[in-house]
>>> print(open('my_file.cif').read())   # mmCIF, C-alpha atoms and all ligand atoms
data_model
#
loop_
_atom_site.label_atom_id
_atom_site.label_comp_id
_atom_site.auth_asym_id
_atom_site.auth_seq_id
_atom_site.Cartn_x
_atom_site.Cartn_y
_atom_site.Cartn_z
CA MET Z 172 37.43 -19.32 55.65
CA LEU Z 173 34.52 -20.46 57.71
CA ARG Z 174 31.06 -20.95 56.37
CA ARG Z 175 28.08 -21.19 58.62
CA LEU Z 176 26.84 -24.73 58.72
CA MET Z 177 23.26 -25.20 57.73
CA THR Z 178 21.11 -27.36 59.92
CA SER Z 179 19.46 -30.28 58.20
CA GLU Z 180 16.16 -28.52 58.65
CA GLU Z 181 17.40 -25.47 56.77
CA LYS Z 182 18.79 -27.60 54.00
CA GLN Z 183 15.53 -29.43 53.64
CA ARG Z 184 13.51 -26.25 53.60
CA SER Z 185 15.67 -24.65 50.95
CA LEU Z 186 14.72 -27.42 48.55
CA PHE Z 187 11.11 -26.48 48.58
CA THR Z 188 9.31 -23.80 46.73
CA HIS Z 189 6.52 -22.15 48.62
CA PRO Z 190 3.21 -23.96 48.36
CA THR Z 191 0.38 -21.78 47.13
CA PRO Z 192 -3.38 -22.10 47.52
CA TYR Z 193 -3.68 -21.61 43.76
CA ARG Z 194 -2.01 -23.19 40.79
CA THR Z 195 1.18 -21.57 39.49
CA GLY Z 196 3.77 -22.37 36.85
CA LEU Z 197 5.79 -24.46 39.31
CA ASN Z 198 3.11 -25.50 41.73
CA THR Z 199 1.01 -27.83 39.64
CA TYR Z 200 0.38 -30.69 42.07
CA MET Z 201 -2.51 -30.72 44.48
CA LEU Z 202 -1.51 -31.74 47.99
CA PRO Z 203 -3.58 -31.42 51.15
CA CYS Z 204 -1.87 -30.05 54.22
CA GLY Z 205 -1.11 -32.92 56.59
CA ARG Z 206 -2.42 -30.91 59.50
CA CYS Z 207 -5.43 -28.81 58.46
CA GLU Z 208 -6.13 -30.75 55.22
CA GLU Z 209 -6.46 -27.57 53.23
CA ILE Z 210 -5.68 -28.17 49.56
CA TYR Z 211 -2.51 -26.49 48.29
CA TYR Z 212 -0.56 -26.57 45.10
CA VAL Z 213 3.04 -27.68 45.37
CA ASP Z 214 5.91 -28.30 43.02
CA GLU Z 215 7.06 -31.66 41.73
CA ILE Z 216 9.77 -32.15 44.37
CA LEU Z 217 7.56 -31.48 47.33
CA PHE Z 218 4.77 -33.63 45.92
CA TYR Z 219 7.22 -36.44 45.29
CA LEU Z 220 8.68 -36.29 48.80
CA ALA Z 221 5.21 -36.28 50.34
CA SER Z 222 4.17 -39.20 48.13
CA ILE Z 223 7.13 -41.28 49.27
CA ALA Z 224 6.30 -40.72 52.92
CA ILE Z 225 2.63 -41.56 52.39
CA GLU Z 226 3.49 -44.68 50.41
CA LYS Z 227 5.67 -45.83 53.27
CA GLY Z 228 2.70 -45.53 55.57
CA LYS Z 229 3.87 -42.36 57.23
CA ASP Z 230 1.77 -39.30 57.81
CA ASN Z 231 1.62 -36.66 55.14
CA PRO Z 232 4.65 -34.51 56.02
CA PHE Z 233 3.39 -31.47 54.14
CA ARG Z 234 2.41 -28.45 56.21
CA CYS Z 235 0.87 -25.37 54.68
CA GLY Z 236 2.29 -21.94 55.46
CA ALA Z 237 -0.35 -21.19 58.05
CA CYS Z 238 0.36 -24.37 59.96
CA ILE Z 239 4.13 -23.84 59.74
CA ASN Z 240 3.79 -20.32 61.08
CA GLU Z 241 1.54 -21.49 63.84
CA PHE Z 242 4.02 -24.18 64.79
CA GLU Z 243 7.20 -22.17 64.58
CA ARG Z 244 5.90 -18.83 65.82
CA PRO Z 245 8.72 -16.76 64.33
CA SER Z 246 9.84 -13.91 66.51
CA PRO Z 247 9.16 -10.40 65.17
CA GLN Z 248 12.81 -9.44 65.64
CA ARG Z 249 14.86 -11.34 63.13
CA SER Z 250 18.51 -10.63 62.51
CA HIS Z 251 19.44 -10.61 58.85
ZN ZN Z 301 -2.33 -26.47 57.19
#
>>> encode(input="my_file.cif", output="structure tokens")
Amino acid sequence: MLRRLMTSEEKQRSLFTHPTPYRTGLNTYMLPCGRCEEIYYVDEILFYLASIAIEKGKDNPFRCGACINEFERPSPQRSH
């Protein structure tokens, strides 16, 4: 029985809840987008991961949905 292997990118993405521009039950941490610097609310995991990177002197790895879409430019035809 073969299972499709997930890329590391997919694995990483599946850990994250979706950041929202407003506070929600899960998204309670304010985090600016590393690209457009718009303030978003993220969950504990995403905030923690971003904090680690920033503490290590790296750039803020967080990208808001708009910046991700702009970067990835998903094709309109997606197979399910
Ligand atoms: Zn952004």
>>> residues_near_ligand(input="my_file.cif", ligand="ligand ZN 301 (chain Z)", cutoff="8 Å", atoms="all atoms listed in the file", output="VMD selection string")
chain Z and resid 203 to 209 234 to 239
>>> atom_distance(input="my_file.cif", atom1="atom CA of Asn198 of chain Z", atom2="atom CA of Asn231 of chain Z")
17.5 Å
>>> closest_residue(input="my_file.cif", among="Z:Leu217, Z:His189, Z:Met201, Z:Ile210", to="Pro232 of chain Z", atoms="only C-alpha atoms")
Z:Leu217
>>> atom_distance(input="my_file.cif", atom1="atom CA of Pro192 of chain Z", atom2="atom CA of Lys227 of chain Z")
26.0 Å
>>> atom_distance(input="my_file.cif", atom1="atom CA of Ala221 of chain Z", atom2="atom CA of Thr199 of chain Z")
14.3 Å
>>> residues_near_point(input="my_file.cif", point="(5.9, -23.6, 40.2)", cutoff="10 Å", atoms="only C-alpha atoms", output="number ranges by chain")
Z: 188-191, 194-200, 212-215
>>> write_last_selection(input="my_file.cif", atoms="C-alpha atoms", output="PDB file, in the frame of the given file")
ATOM      1  CA  THR Z 188       9.310 -23.800  46.730  1.00  0.00           C
ATOM      2  CA  HIS Z 189       6.520 -22.150  48.620  1.00  0.00           C
ATOM      3  CA  PRO Z 190       3.210 -23.960  48.360  1.00  0.00           C
ATOM      4  CA  THR Z 191       0.380 -21.780  47.130  1.00  0.00           C
ATOM      5  CA  ARG Z 194      -2.010 -23.190  40.790  1.00  0.00           C
ATOM      6  CA  THR Z 195       1.180 -21.570  39.490  1.00  0.00           C
ATOM      7  CA  GLY Z 196       3.770 -22.370  36.850  1.00  0.00           C
ATOM      8  CA  LEU Z 197       5.790 -24.460  39.310  1.00  0.00           C
ATOM      9  CA  ASN Z 198       3.110 -25.500  41.730  1.00  0.00           C
ATOM     10  CA  THR Z 199       1.010 -27.830  39.640  1.00  0.00           C
ATOM     11  CA  TYR Z 200       0.380 -30.690  42.070  1.00  0.00           C
ATOM     12  CA  TYR Z 212      -0.560 -26.570  45.100  1.00  0.00           C
ATOM     13  CA  VAL Z 213       3.040 -27.680  45.370  1.00  0.00           C
ATOM     14  CA  ASP Z 214       5.910 -28.300  43.020  1.00  0.00           C
ATOM     15  CA  GLU Z 215       7.060 -31.660  41.730  1.00  0.00           C
TER      16      GLU Z 215
END
>>> axis_aligned_box(input="my_file.cif", around="segment 206-212 of chain Z", padding_each_side="4 Å", output="lines of an AutoDock Vina configuration file")
center_x = -3.5
center_y = -28.7
center_z = 52.3
size_x = 13.9
size_y = 12.4
size_z = 22.4
